[in-house]
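Chemist: Sharing query18.txt here; it has compact mmCIF, C-alpha atoms (C1' of nucleotides).
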```txt
# COMPACT_ATOMS: atom_id res chain seq x y z
CA MET A 1 -12.08 -60.41 32.37
CA SER A 2 -9.57 -57.64 31.81
CA LYS A 3 -9.32 -55.84 28.54
CA GLY A 4 -6.04 -57.52 27.76
CA THR A 5 -7.17 -61.10 28.03
CA GLU A 6 -10.34 -60.18 26.16
CA THR A 7 -8.55 -59.03 23.03
CA ARG A 8 -6.11 -61.82 23.51
CA GLU A 9 -8.94 -64.30 23.24
CA ARG A 10 -10.36 -62.46 20.26
CA ILE A 11 -6.98 -62.87 18.59
CA ILE A 12 -6.71 -66.57 19.34
CA GLU A 13 -10.25 -67.25 18.22
CA HIS A 14 -9.63 -65.60 14.89
CA ALA A 15 -6.19 -67.14 14.50
CA TYR A 16 -7.74 -70.52 15.16
CA ARG A 17 -10.16 -70.11 12.28
CA VAL A 18 -7.41 -68.95 9.97
CA ALA A 19 -5.16 -71.82 10.98
CA THR A 20 -7.77 -74.44 10.14
CA CYS A 21 -7.50 -73.19 6.55
CA ASP A 22 -3.93 -72.00 6.13
CA GLY A 23 -2.16 -74.10 8.72
CA LEU A 24 -0.19 -72.94 11.73
CA GLU A 25 2.63 -71.69 9.55
CA GLY A 26 0.11 -69.80 7.45
CA LEU A 27 -0.61 -67.57 10.42
CA SER A 28 0.91 -64.14 9.92
CA ILE A 29 1.12 -61.48 12.59
CA GLY A 30 0.57 -58.72 10.08
CA THR A 31 -2.47 -60.28 8.45
CA LEU A 32 -4.05 -61.22 11.76
CA ALA A 33 -3.55 -57.68 13.03
CA ALA A 34 -5.12 -56.19 9.92
CA ASP A 35 -8.08 -58.57 10.16
CA LEU A 36 -8.71 -57.53 13.75
CA ARG A 37 -7.90 -53.86 13.18
CA LEU A 38 -4.94 -53.97 15.51
CA SER A 39 -1.40 -52.88 14.97
CA LYS A 40 1.17 -55.56 14.34
CA SER A 41 3.09 -54.66 17.46
CA GLY A 42 -0.07 -54.44 19.52
CA LEU A 43 -1.04 -57.95 18.58
CA PHE A 44 2.49 -59.21 18.90
CA ALA A 45 2.80 -57.92 22.45
CA HIS A 46 0.20 -60.40 23.63
CA PHE A 47 2.34 -63.39 22.76
CA GLY A 48 5.95 -62.39 22.47
CA SER A 49 6.63 -64.73 19.59
CA LYS A 50 4.85 -66.38 16.75
CA GLU A 51 5.54 -69.80 18.18
CA ALA A 52 3.81 -68.86 21.43
CA LEU A 53 0.78 -67.80 19.43
CA GLN A 54 0.82 -71.10 17.56
CA ILE A 55 0.93 -73.02 20.81
CA ASP A 56 -1.94 -71.00 22.24
CA VAL A 57 -3.95 -71.75 19.12
CA LEU A 58 -3.17 -75.44 19.46
CA LYS A 59 -4.23 -75.35 23.10
CA THR A 60 -7.50 -73.77 22.09
CA ALA A 61 -8.02 -76.46 19.49
CA ALA A 62 -7.41 -79.18 22.03
CA THR A 63 -9.73 -77.79 24.71
CA GLN A 64 -12.42 -76.96 22.16
CA PHE A 65 -12.35 -80.54 20.95
CA GLU A 66 -12.48 -81.89 24.46
CA GLN A 67 -15.39 -79.62 25.36
CA ALA A 68 -17.31 -80.44 22.23
CA ALA A 69 -16.69 -84.15 21.86
CA ILE A 70 -15.04 -85.87 24.78
CA LEU A 71 -16.81 -84.32 27.75
CA PRO A 72 -20.38 -84.61 26.45
CA ALA A 73 -19.68 -88.21 25.47
CA LEU A 74 -19.16 -88.99 29.13
CA ARG A 75 -22.86 -88.41 29.65
CA ALA A 76 -23.56 -91.54 27.65
CA SER A 77 -23.47 -94.71 29.65
CA ARG A 78 -20.24 -96.65 29.84
CA GLY A 79 -19.39 -99.11 27.11
CA GLU A 80 -20.64 -99.17 23.55
CA PRO A 81 -23.11 -96.29 23.97
CA ARG A 82 -20.29 -94.02 25.02
CA VAL A 83 -18.11 -95.27 22.18
CA ARG A 84 -20.88 -94.48 19.73
CA ALA A 85 -21.51 -91.09 21.30
CA LEU A 86 -17.85 -90.22 21.04
CA PHE A 87 -17.83 -91.17 17.39
CA GLU A 88 -20.90 -89.13 16.47
CA LEU A 89 -19.80 -86.12 18.49
CA TRP A 90 -16.44 -86.29 16.81
CA LEU A 91 -18.03 -86.34 13.38
CA ALA A 92 -20.27 -83.42 14.31
CA TRP A 93 -17.31 -81.52 15.69
CA MET A 94 -15.45 -81.61 12.39
CA ASP A 95 -18.35 -79.92 10.62
CA ARG A 96 -18.83 -77.15 13.14
CA PRO A 97 -18.75 -73.65 11.70
CA GLU A 98 -15.71 -72.68 13.76
CA ASN A 99 -13.75 -75.41 12.04
CA VAL A 100 -13.90 -73.64 8.70
CA GLY A 101 -10.99 -75.56 7.28
CA GLY A 102 -11.54 -78.81 9.09
CA CYS A 103 -9.98 -80.14 12.26
CA LEU A 104 -6.93 -78.10 13.16
CA LEU A 105 -5.33 -80.88 15.14
CA THR A 106 -5.50 -83.17 12.14
CA ALA A 107 -4.06 -80.54 9.84
CA ALA A 108 -1.35 -79.69 12.34
CA ALA A 109 -0.43 -83.35 12.72
CA ALA A 110 0.53 -83.46 9.07
CA GLU A 111 2.19 -80.06 9.19
CA LEU A 112 4.29 -80.55 12.30
CA ASP A 113 5.31 -84.18 12.02
CA ASP A 114 8.74 -83.22 10.75
CA ARG A 115 9.31 -79.96 12.61
CA PRO A 116 10.74 -80.47 16.06
CA GLY A 117 9.80 -77.84 18.56
CA ALA A 118 7.35 -76.89 21.26
CA PRO A 119 4.26 -76.88 19.01
CA ARG A 120 4.99 -80.38 17.83
CA ASP A 121 5.64 -81.57 21.37
CA PHE A 122 2.36 -80.18 22.56
CA LEU A 123 0.43 -81.66 19.67
CA CYS A 124 2.08 -85.02 20.18
CA PHE A 125 1.13 -85.00 23.83
CA THR A 126 -2.45 -84.03 23.02
CA GLU A 127 -2.83 -86.70 20.37
CA LYS A 128 -1.51 -89.33 22.72
CA GLN A 129 -4.06 -88.24 25.29
CA HIS A 130 -6.90 -88.41 22.82
CA MET A 131 -5.85 -91.83 21.60
CA GLY A 132 -5.86 -92.85 25.24
CA VAL A 133 -9.43 -91.65 25.56
CA LEU A 134 -10.48 -93.79 22.61
CA ALA A 135 -8.69 -96.83 23.98
CA LYS A 136 -10.21 -96.30 27.41
CA ALA A 137 -13.69 -96.06 25.98
CA ALA A 138 -13.07 -99.36 24.23
CA ARG A 139 -11.70 -100.87 27.42
CA LEU A 140 -14.87 -99.93 29.25
CA ALA A 141 -16.91 -101.55 26.49
CA VAL A 142 -14.95 -104.70 27.13
CA SER A 143 -15.47 -104.60 30.86
CA GLU A 144 -19.17 -103.92 30.32
CA GLY A 145 -19.38 -107.04 28.22
CA HIS A 146 -20.23 -105.19 25.01
CA PHE A 147 -16.95 -106.06 23.38
CA ARG A 148 -15.15 -109.36 23.46
CA PRO A 149 -12.45 -109.60 26.12
CA GLU A 150 -9.73 -110.33 23.55
CA VAL A 151 -10.31 -107.00 21.80
CA ASP A 152 -7.02 -105.12 21.52
CA THR A 153 -8.04 -101.64 22.59
CA LYS A 154 -4.97 -99.93 21.20
CA GLN A 155 -5.66 -101.58 17.88
CA PHE A 156 -9.27 -100.48 18.16
CA ALA A 157 -8.22 -96.89 18.72
CA PHE A 158 -5.82 -97.07 15.77
CA GLU A 159 -8.50 -98.21 13.37
CA TRP A 160 -10.95 -95.72 14.77
CA LYS A 161 -8.49 -92.94 14.15
CA GLY A 162 -8.00 -94.21 10.62
CA ILE A 163 -11.69 -93.87 9.94
CA MET A 164 -11.68 -90.28 11.17
CA LEU A 165 -8.64 -89.41 9.09
CA ALA A 166 -10.15 -90.99 5.99
CA TYR A 167 -13.35 -89.08 6.66
CA HIS A 168 -11.46 -85.84 6.97
CA GLN A 169 -9.65 -86.34 3.69
CA THR A 170 -12.69 -87.64 1.81
CA ALA A 171 -14.90 -84.82 2.98
CA ARG A 172 -12.43 -81.95 2.71
CA LEU A 173 -10.07 -82.66 -0.16
CA MET A 174 -12.32 -84.83 -2.27
CA CYS A 175 -15.51 -83.01 -1.30
CA ASP A 176 -17.29 -86.35 -1.46
CA PRO A 177 -20.76 -86.05 0.10
CA ALA A 178 -20.67 -89.79 0.76
CA ALA A 179 -17.97 -89.28 3.39
CA PRO A 180 -20.23 -89.43 6.47
CA ALA A 181 -21.93 -92.59 5.23
CA LEU A 182 -18.57 -94.20 4.48
CA ALA A 183 -17.28 -93.29 7.91
CA ARG A 184 -20.37 -94.59 9.68
CA ALA A 185 -20.34 -97.85 7.77
CA ALA A 186 -16.66 -98.31 8.55
CA PHE A 187 -17.31 -97.67 12.22
CA GLU A 188 -20.19 -100.13 12.30
CA ARG A 189 -17.89 -102.74 10.85
CA LEU A 190 -15.30 -101.95 13.46
CA LEU A 191 -17.90 -102.26 16.21
CA ALA A 192 -19.24 -105.50 14.78
CA SER A 193 -15.82 -107.07 14.80
CA ALA A 194 -15.42 -106.13 18.45
CA HIS A 195 -18.82 -107.39 19.53
CA SER A 196 -19.23 -110.47 21.63
CA ALA A 197 -20.03 -113.47 19.50
CA MET B 1 19.10 -85.45 -21.97
CA SER B 2 19.94 -81.78 -22.39
CA LYS B 3 21.66 -79.82 -19.67
CA GLY B 4 18.51 -77.89 -18.95
CA THR B 5 16.23 -80.78 -18.19
CA GLU B 6 19.03 -82.41 -16.22
CA THR B 7 19.34 -79.60 -13.70
CA ARG B 8 15.60 -79.21 -13.78
CA GLU B 9 15.25 -82.76 -12.59
CA ARG B 10 17.91 -82.22 -9.99
CA ILE B 11 15.88 -79.31 -8.69
CA ILE B 12 12.64 -81.22 -8.58
CA GLU B 13 14.23 -84.20 -6.89
CA HIS B 14 15.65 -82.02 -4.14
CA ALA B 15 12.48 -79.95 -3.85
CA TYR B 16 10.52 -83.16 -3.47
CA ARG B 17 12.61 -84.21 -0.49
CA VAL B 18 12.29 -80.80 1.11
CA ALA B 19 8.55 -80.75 0.53
CA THR B 20 8.02 -84.05 2.32
CA CYS B 21 9.35 -82.31 5.41
CA ASP B 22 8.32 -78.68 5.09
CA GLY B 23 5.29 -78.95 2.88
CA LEU B 24 4.70 -77.48 -0.55
CA GLU B 25 4.38 -73.99 0.88
CA GLY B 26 7.60 -74.52 2.77
CA LEU B 27 9.46 -74.64 -0.52
CA SER B 28 11.42 -71.46 -1.04
CA ILE B 29 13.11 -70.51 -4.28
CA GLY B 30 16.01 -68.91 -2.46
CA THR B 31 16.68 -71.80 -0.13
CA LEU B 32 16.40 -74.40 -2.88
CA ALA B 33 18.82 -72.40 -5.00
CA ALA B 34 21.32 -72.16 -2.16
CA ASP B 35 21.05 -75.88 -1.46
CA LEU B 36 21.80 -76.68 -5.09
CA ARG B 37 24.37 -73.94 -5.51
CA LEU B 38 22.30 -72.16 -8.09
CA SER B 39 21.22 -68.57 -8.28
CA LYS B 40 17.65 -67.76 -7.36
CA SER B 41 16.90 -66.47 -10.82
CA GLY B 42 18.62 -69.40 -12.46
CA LEU B 43 16.46 -71.84 -10.60
CA PHE B 44 13.36 -69.75 -11.06
CA ALA B 45 13.82 -69.67 -14.84
CA HIS B 46 13.15 -73.38 -15.03
CA PHE B 47 9.61 -73.02 -13.78
CA GLY B 48 8.39 -69.46 -14.21
CA SER B 49 6.48 -69.48 -10.96
CA LYS B 50 6.52 -71.11 -7.60
CA GLU B 51 3.16 -72.69 -8.23
CA ALA B 52 4.49 -74.39 -11.36
CA LEU B 53 7.33 -75.82 -9.31
CA GLN B 54 4.87 -77.09 -6.73
CA ILE B 55 2.84 -78.80 -9.40
CA ASP B 56 5.94 -80.40 -10.90
CA VAL B 57 6.87 -81.68 -7.47
CA LEU B 58 3.39 -83.09 -7.01
CA LYS B 59 3.61 -84.78 -10.40
CA THR B 60 6.88 -86.36 -9.40
CA ALA B 61 5.32 -87.59 -6.17
CA ALA B 62 2.45 -89.16 -8.05
CA THR B 63 4.56 -90.94 -10.64
CA GLN B 64 7.11 -92.06 -8.06
CA PHE B 65 4.33 -93.62 -6.04
CA GLU B 66 2.86 -95.29 -9.08
CA GLN B 67 6.23 -96.65 -10.13
CA ALA B 68 7.08 -97.89 -6.66
CA ALA B 69 3.78 -99.29 -5.50
CA ILE B 70 1.05 -99.56 -8.10
CA LEU B 71 2.94 -100.88 -11.11
CA PRO B 72 4.91 -103.61 -9.33
CA ALA B 73 1.73 -104.72 -7.60
CA LEU B 74 0.33 -105.60 -11.01
CA ARG B 75 2.86 -108.41 -11.19
CA ALA B 76 0.99 -110.19 -8.41
CA SER B 77 -1.90 -112.29 -9.60
CA ARG B 78 -5.34 -110.73 -9.70
CA GLY B 79 -7.47 -110.71 -6.60
CA GLU B 80 -6.36 -110.89 -3.01
CA PRO B 81 -2.66 -111.47 -3.79
CA ARG B 82 -2.58 -108.22 -5.71
CA VAL B 83 -4.46 -106.44 -2.95
CA ARG B 84 -1.92 -107.67 -0.44
CA ALA B 85 0.99 -106.75 -2.68
CA LEU B 86 -0.38 -103.26 -3.11
CA PHE B 87 -0.69 -102.87 0.64
CA GLU B 88 2.83 -104.04 1.41
CA LEU B 89 4.39 -102.03 -1.40
CA TRP B 90 2.54 -98.99 -0.17
CA LEU B 91 3.84 -99.49 3.35
CA ALA B 92 7.37 -99.96 2.03
CA TRP B 93 7.03 -96.87 -0.13
CA MET B 94 6.32 -94.63 2.84
CA ASP B 95 9.57 -95.67 4.49
CA ARG B 96 11.78 -95.20 1.47
CA PRO B 97 14.74 -92.91 2.01
CA GLU B 98 13.53 -90.43 -0.59
CA ASN B 99 10.41 -89.88 1.47
CA VAL B 100 12.35 -88.27 4.26
CA GLY B 101 9.33 -86.57 5.76
CA GLY B 102 6.78 -89.19 4.85
CA CYS B 103 4.41 -89.39 1.92
CA LEU B 104 4.20 -86.05 0.16
CA LEU B 105 0.77 -86.72 -1.27
CA THR B 106 -0.59 -87.35 2.20
CA ALA B 107 0.99 -84.22 3.59
CA ALA B 108 -0.17 -82.17 0.63
CA ALA B 109 -3.71 -83.46 1.03
CA ALA B 110 -3.88 -81.86 4.46
CA GLU B 111 -2.11 -78.73 3.30
CA LEU B 112 -4.09 -78.03 0.16
CA ASP B 113 -7.57 -79.07 1.17
CA ASP B 114 -8.59 -75.48 1.73
CA ARG B 115 -6.50 -73.73 -0.90
CA PRO B 116 -8.18 -73.68 -4.29
CA GLY B 117 -5.82 -73.63 -7.23
CA ALA B 118 -4.02 -75.76 -9.72
CA PRO B 119 -1.96 -77.72 -7.17
CA ARG B 120 -5.07 -78.72 -5.28
CA ASP B 121 -6.85 -79.67 -8.48
CA PHE B 122 -4.00 -81.89 -9.55
CA LEU B 123 -3.73 -83.55 -6.16
CA CYS B 124 -7.46 -84.11 -6.05
CA PHE B 125 -7.36 -85.77 -9.46
CA THR B 126 -4.44 -87.95 -8.46
CA GLU B 127 -6.03 -89.04 -5.21
CA LYS B 128 -9.22 -89.92 -7.01
CA GLN B 129 -7.22 -92.05 -9.42
CA HIS B 130 -5.40 -93.85 -6.64
CA MET B 131 -8.62 -94.53 -4.77
CA GLY B 132 -9.91 -95.95 -8.03
CA VAL B 133 -6.94 -98.29 -8.17
CA LEU B 134 -7.69 -99.56 -4.69
CA ALA B 135 -11.35 -100.07 -5.51
CA LYS B 136 -10.50 -101.84 -8.74
CA ALA B 137 -8.12 -104.18 -6.97
CA ALA B 138 -10.92 -105.02 -4.57
CA ARG B 139 -13.34 -105.50 -7.46
CA LEU B 140 -11.00 -107.99 -9.02
CA ALA B 141 -10.78 -109.83 -5.72
CA VAL B 142 -14.53 -110.10 -5.82
CA SER B 143 -14.63 -111.38 -9.37
CA GLU B 144 -11.89 -113.87 -8.55
CA GLY B 145 -14.02 -115.21 -5.75
CA HIS B 146 -11.64 -114.13 -3.01
CA PHE B 147 -14.01 -111.53 -1.63
CA ARG B 148 -17.73 -111.86 -1.16
CA PRO B 149 -19.80 -110.44 -4.02
CA GLU B 150 -21.61 -108.00 -1.72
CA VAL B 151 -18.38 -106.27 -0.76
CA ASP B 152 -18.70 -102.53 -1.36
CA THR B 153 -15.42 -101.78 -3.09
CA LYS B 154 -15.63 -98.03 -2.56
CA GLN B 155 -16.16 -98.68 1.12
CA PHE B 156 -13.24 -101.09 1.05
CA ALA B 157 -11.00 -98.45 -0.50
CA PHE B 158 -12.13 -95.89 2.08
CA GLU B 159 -11.22 -98.10 5.00
CA TRP B 160 -7.98 -99.09 3.37
CA LYS B 161 -7.06 -95.45 2.99
CA GLY B 162 -7.92 -94.87 6.62
CA ILE B 163 -5.45 -97.53 7.67
CA MET B 164 -2.71 -95.90 5.62
CA LEU B 165 -3.46 -92.47 7.04
CA ALA B 166 -3.48 -93.79 10.58
CA TYR B 167 -0.20 -95.53 9.89
CA HIS B 168 1.32 -92.34 8.57
CA GLN B 169 0.30 -90.35 11.61
CA THR B 170 1.20 -93.04 14.13
CA ALA B 171 4.61 -93.61 12.60
CA ARG B 172 5.55 -90.01 11.85
CA LEU B 173 4.00 -87.79 14.48
CA MET B 174 3.80 -90.27 17.32
CA CYS B 175 6.98 -92.12 16.36
CA ASP B 176 5.31 -95.30 17.55
CA PRO B 177 7.34 -98.33 16.41
CA ALA B 178 4.18 -100.42 16.66
CA ALA B 179 2.72 -98.60 13.67
CA PRO B 180 3.49 -101.26 11.04
CA ALA B 181 2.07 -104.02 13.20
CA LEU B 182 -1.07 -101.97 13.89
CA ALA B 183 -1.52 -101.27 10.20
CA ARG B 184 -1.03 -104.88 9.19
CA ALA B 185 -3.44 -106.15 11.82
CA ALA B 186 -6.01 -103.62 10.71
CA PHE B 187 -5.59 -104.67 7.12
CA GLU B 188 -5.96 -108.33 7.99
CA ARG B 189 -9.20 -107.52 9.73
CA LEU B 190 -10.37 -105.63 6.69
CA LEU B 191 -9.48 -108.55 4.47
CA ALA B 192 -11.16 -111.04 6.77
CA SER B 193 -14.40 -109.11 6.70
CA ALA B 194 -14.32 -109.16 2.92
CA HIS B 195 -13.55 -112.83 2.61
CA SER B 196 -16.05 -115.30 1.37
CA ALA B 197 -17.79 -117.08 4.22
C1' DA C 1 34.99 -72.18 -35.97
C1' DT C 2 30.78 -69.81 -36.12
C1' DC C 3 26.42 -68.68 -34.64
C1' DA C 4 21.93 -69.18 -32.56
C1' DT C 5 20.01 -71.01 -28.64
C1' DT C 6 19.80 -72.50 -24.23
C1' DT C 7 21.14 -71.99 -19.60
C1' DC C 8 22.36 -69.45 -15.84
C1' DC C 9 23.85 -65.34 -13.09
C1' DG C 10 23.69 -60.72 -10.68
C1' DA C 11 21.30 -57.12 -9.28
C1' DA C 12 17.33 -55.06 -8.12
C1' DC C 13 12.22 -54.61 -7.38
C1' DG C 14 8.44 -54.06 -4.09
C1' DT C 15 6.35 -56.80 -0.27
C1' DT C 16 5.96 -59.19 3.61
C1' DC C 17 7.94 -61.52 7.34
C1' DG C 18 8.88 -61.72 12.70
C1' DT C 19 10.73 -58.94 16.09
C1' DA C 20 12.59 -54.80 18.97
C1' DC C 21 12.22 -50.43 20.93
C1' DT C 22 9.89 -46.31 22.37
C1' DA C 23 6.00 -43.74 23.28
C1' DT C 24 1.13 -42.86 23.93
C1' DA C 25 -3.25 -44.12 25.30
C1' DT C 26 -6.39 -46.62 28.56
C1' DC C 27 -7.39 -48.57 32.70
C1' DA C 28 -7.65 -49.76 38.10
C1' DG C 29 -6.80 -48.50 42.83
C1' DC C 30 -6.35 -44.90 45.95
C1' DG D 1 -7.81 -36.61 40.03
C1' DC D 2 -3.40 -38.69 40.53
C1' DT D 3 -0.50 -42.69 39.84
C1' DG D 4 1.27 -46.80 38.54
C1' DA D 5 0.33 -50.58 35.65
C1' DT D 6 -1.52 -52.48 31.61
C1' DA D 7 -2.60 -52.32 26.77
C1' DT D 8 -2.02 -50.63 22.23
C1' DA D 9 0.26 -47.79 18.56
C1' DG D 10 4.13 -46.16 15.81
C1' DT D 11 8.23 -46.78 13.66
C1' DA D 12 12.02 -49.16 12.25
C1' DC D 13 15.00 -53.19 11.56
C1' DG D 14 17.24 -56.79 8.76
C1' DA D 15 16.06 -60.75 6.36
C1' DA D 16 13.53 -63.42 3.21
C1' DC D 17 9.96 -63.72 -0.11
C1' DG D 18 8.61 -64.37 -5.37
C1' DT D 19 9.51 -62.11 -9.49
C1' DT D 20 11.61 -59.26 -13.40
C1' DC D 21 15.20 -57.98 -16.55
C1' DG D 22 19.48 -57.60 -19.14
C1' DG D 23 23.43 -59.74 -20.05
C1' DA D 24 27.12 -63.29 -19.63
C1' DA D 25 28.44 -67.84 -20.23
C1' DA D 26 27.95 -72.27 -21.76
C1' DT D 27 26.08 -75.37 -25.06
C1' DG D 28 24.87 -77.72 -29.41
C1' DA D 29 24.20 -77.73 -34.40
C1' DT D 30 26.23 -76.55 -38.63
```
Using structure tokens, write down the structure from this file.
Modeler:
Amino acid sequence: MSKGTETRERIIEHAYRVATCDGLEGLSIGTLAADLRLSKSGLFAHFGSKEALQIDVLKTAATQFEQAAILPALRASRGEPRVRALFELWLAWMDRPENVGGCLLTAAAAELDDRPGAPRDFLCFTEKQHMGVLAKAARLAVSEGHFRPEVDTKQFAFEWKGIMLAYHQTARLMCDPAAPALARAAFERLLASAHSA
Amino acid sequence: MSKGTETRERIIEHAYRVATCDGLEGLSIGTLAADLRLSKSGLFAHFGSKEALQIDVLKTAATQFEQAAILPALRASRGEPRVRALFELWLAWMDRPENVGGCLLTAAAAELDDRPGAPRDFLCFTEKQHMGVLAKAARLAVSEGHFRPEVDTKQFAFEWKGIMLAYHQTARLMCDPAAPALARAAFERLLASAHSA
DNA sequence: ATCATTTCCGAACGTTCGTACTATATCAGC
DNA sequence: GCTGATATAGTACGAACGTTCGGAAATGAT
């Protein structure tokens, strides 16, 4: 790896951590440069614009999440086990040390939902993909006979997402230590309602 | 009403709209002043600091929500009818024209969850109150015999909140017109699971 | 109509913002 | 070791930021 891409990755990694706390708009070229002992212009040269940096950070967030939650969940067997694995890996992901300020994608979703532009487009695409993964996992659970055939998998994904969002808010803003238990209980209820009778 | 408080309210009302789109940190004294054809210093004098303005905007958001959703829901009879009324009023609230960029409290929750300070403290207090309202509504549904006695009302409120958050994201970021239907179906499922057998 | 108070403006402060341009280091291939 | 490319620094820019201050203008009570 050349020197350039090395520092470039150092920048993104740090910017990612900062963004989980201060949001994508909270990223500042000057502050990032000072943190990493670079000059403003030196850091800037790697991206060409702040928006490009934001997008790169978002891309990192997406691939990190996929590496940490989605891919390993595929090792669980199709159907409900994989659904459960995905849920637990997702929960674990949100408490990883690199996610100092919580899940960046979740924070960015609230931040960007009214700001048209490339970052929003990318995030929207990513979220759609992830929702597709949830729905597909549910669909496999249906075809494996774990879930009832009438289960609406898009609806399932929607409610699943709701649980994760409620967890995020309960754990981060409210600092309620009961958050994981609440989330797990909610998910069990969701699973139960999908189970074959 | 004196001239001072009149313009002050004009400022807050406009700032509230802007904040639903750009976030609390996106509020800028200069831009707000230009929008309202005031001088920066003239606007500033009404609050003394940007943080004070942010808190006033948050307070407006909280009381607006209470006026539009919580209070009118009390006119429905105790128990499940009131729970349903609260849900529908909440949904309607999020699509009101004054909430251009969605629910400010929801957006602020994501924005402030890692920024200690008075705004966060106020928001945290408000959210706790609102969650209490949801739980209490559920508790009344239990005592009225609409819900089973074993229903965990805190858990109920958590899942309810999740549905609202998922709705917010699905409707705003994803621009999915199915969002209301998804939210209503999810809520029906939640209600069904709480119903007496 | 007078006067004290409230309300607002204009100008300026020092910082920080993202970005542009130019120049100096540092590197890789020969 | 030279050379061309890559990577970083330095400096400067205009604009916007929140905030301060002194004074003008409008207001409201007497």
Chemist: Which is closest to DT22 (chain C) among D:DA29, D:DA16, D:DA24, D:DT11, if we use all atoms listed in the file?
Modeler: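 Smallest distance to DT22 (chain C) is found for D:DT11.
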Chemist: Quick one: pull the distance between CA of Leu182 (chain B) and CA of Ile163 (chain A), Å, one decimal.
Modeler: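 Separation between CA of Leu182 (chain B) and CA of Ile163 (chain A): 13.9 Å.
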Chemist: Within 12 Å of DA23 (chain C), counting only C-alpha atoms (C1' of nucleotides), which residues qualify if same-chain residues fewer than 3 places away don't, as number ranges by chain?
Modeler: D: 8-11
Chemist: Against chain C, which residues of chain B fall within 9 Å? For each one I want the closest pair of atoms and the distance in Å (one decimal), counting all atoms listed in the file, rows by chain and increasing residue number, as a Markdown table.
Modeler:
```
| residue | atom | partner | partner_atom | distance |
| --- | --- | --- | --- | --- |
| B:Lys3 | CA | C:DT7 | C1' | 7.8 |
| B:Gly4 | CA | C:DT7 | C1' | 6.5 |
| B:Leu38 | CA | C:DC8 | C1' | 8.2 |
| B:Ser39 | CA | C:DC9 | C1' | 6.4 |
| B:Lys40 | CA | C:DC9 | C1' | 8.8 |
| B:Ser41 | CA | C:DC9 | C1' | 7.4 |
| B:Gly42 | CA | C:DC8 | C1' | 5.0 |
| B:Leu43 | CA | C:DC8 | C1' | 8.2 |
| B:Ala45 | CA | C:DC8 | C1' | 8.6 |
```
Chemist: Per residue of chain B within 10 Å of chain D, what are the shortest atom pair and its distance in Å to one decimal, counting all atoms listed in the file, with rows by chain and residue number, as a Markdown table?
Modeler:
```
| residue | atom | partner | partner_atom | distance |
| --- | --- | --- | --- | --- |
| B:Ser2 | CA | D:DT27 | C1' | 9.3 |
| B:Lys3 | CA | D:DT27 | C1' | 8.3 |
| B:Ser28 | CA | D:DC17 | C1' | 7.9 |
| B:Ile29 | CA | D:DG18 | C1' | 7.7 |
| B:Gly30 | CA | D:DA16 | C1' | 8.3 |
| B:Thr31 | CA | D:DA16 | C1' | 9.6 |
| B:Lys40 | CA | D:DG18 | C1' | 9.9 |
| B:Ser41 | CA | D:DT19 | C1' | 8.7 |
| B:Phe44 | CA | D:DT19 | C1' | 8.7 |
| B:Gly48 | CA | D:DT19 | C1' | 8.8 |
| B:Ser49 | CA | D:DG18 | C1' | 7.9 |
| B:Lys50 | CA | D:DG18 | C1' | 7.4 |
```
Chemist: If I take CA of Leu32 (chain B) and CA of Asp113 (chain B), how far is one from the other in Å, to one decimal?
Modeler: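 Interatomic distance here is 24.8 Å.
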Chemist: Find the distance between CA of Arg139 (chain B) and CA of Ala157 (chain B) and write it in Å to one decimal.
Modeler: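 Those two atoms sit 10.2 Å apart.
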Chemist: Compute the chain A side of the contact with chain B at 10 Å, counting only C-alpha atoms, and hand it back as a PyMOL selection string.
Modeler: chain A and resi 20-23+25-26+100-102+104+106-115+120-121+123-125+127-128+154-175+178-179+181-183+185-187+189-190+193
Chemist: Put the listed atoms of region 12-27 of chain D in a box along x, y and z with 4 Å added on every side and give me the centre and edge lengths in Å to one decimal, as lines of an AutoDock Vina configuration file.
Modeler:
```
center_x = 18.5
center_y = -62.3
center_z = -6.4
size_x = 27.8
size_y = 34.2
size_z = 45.3
```
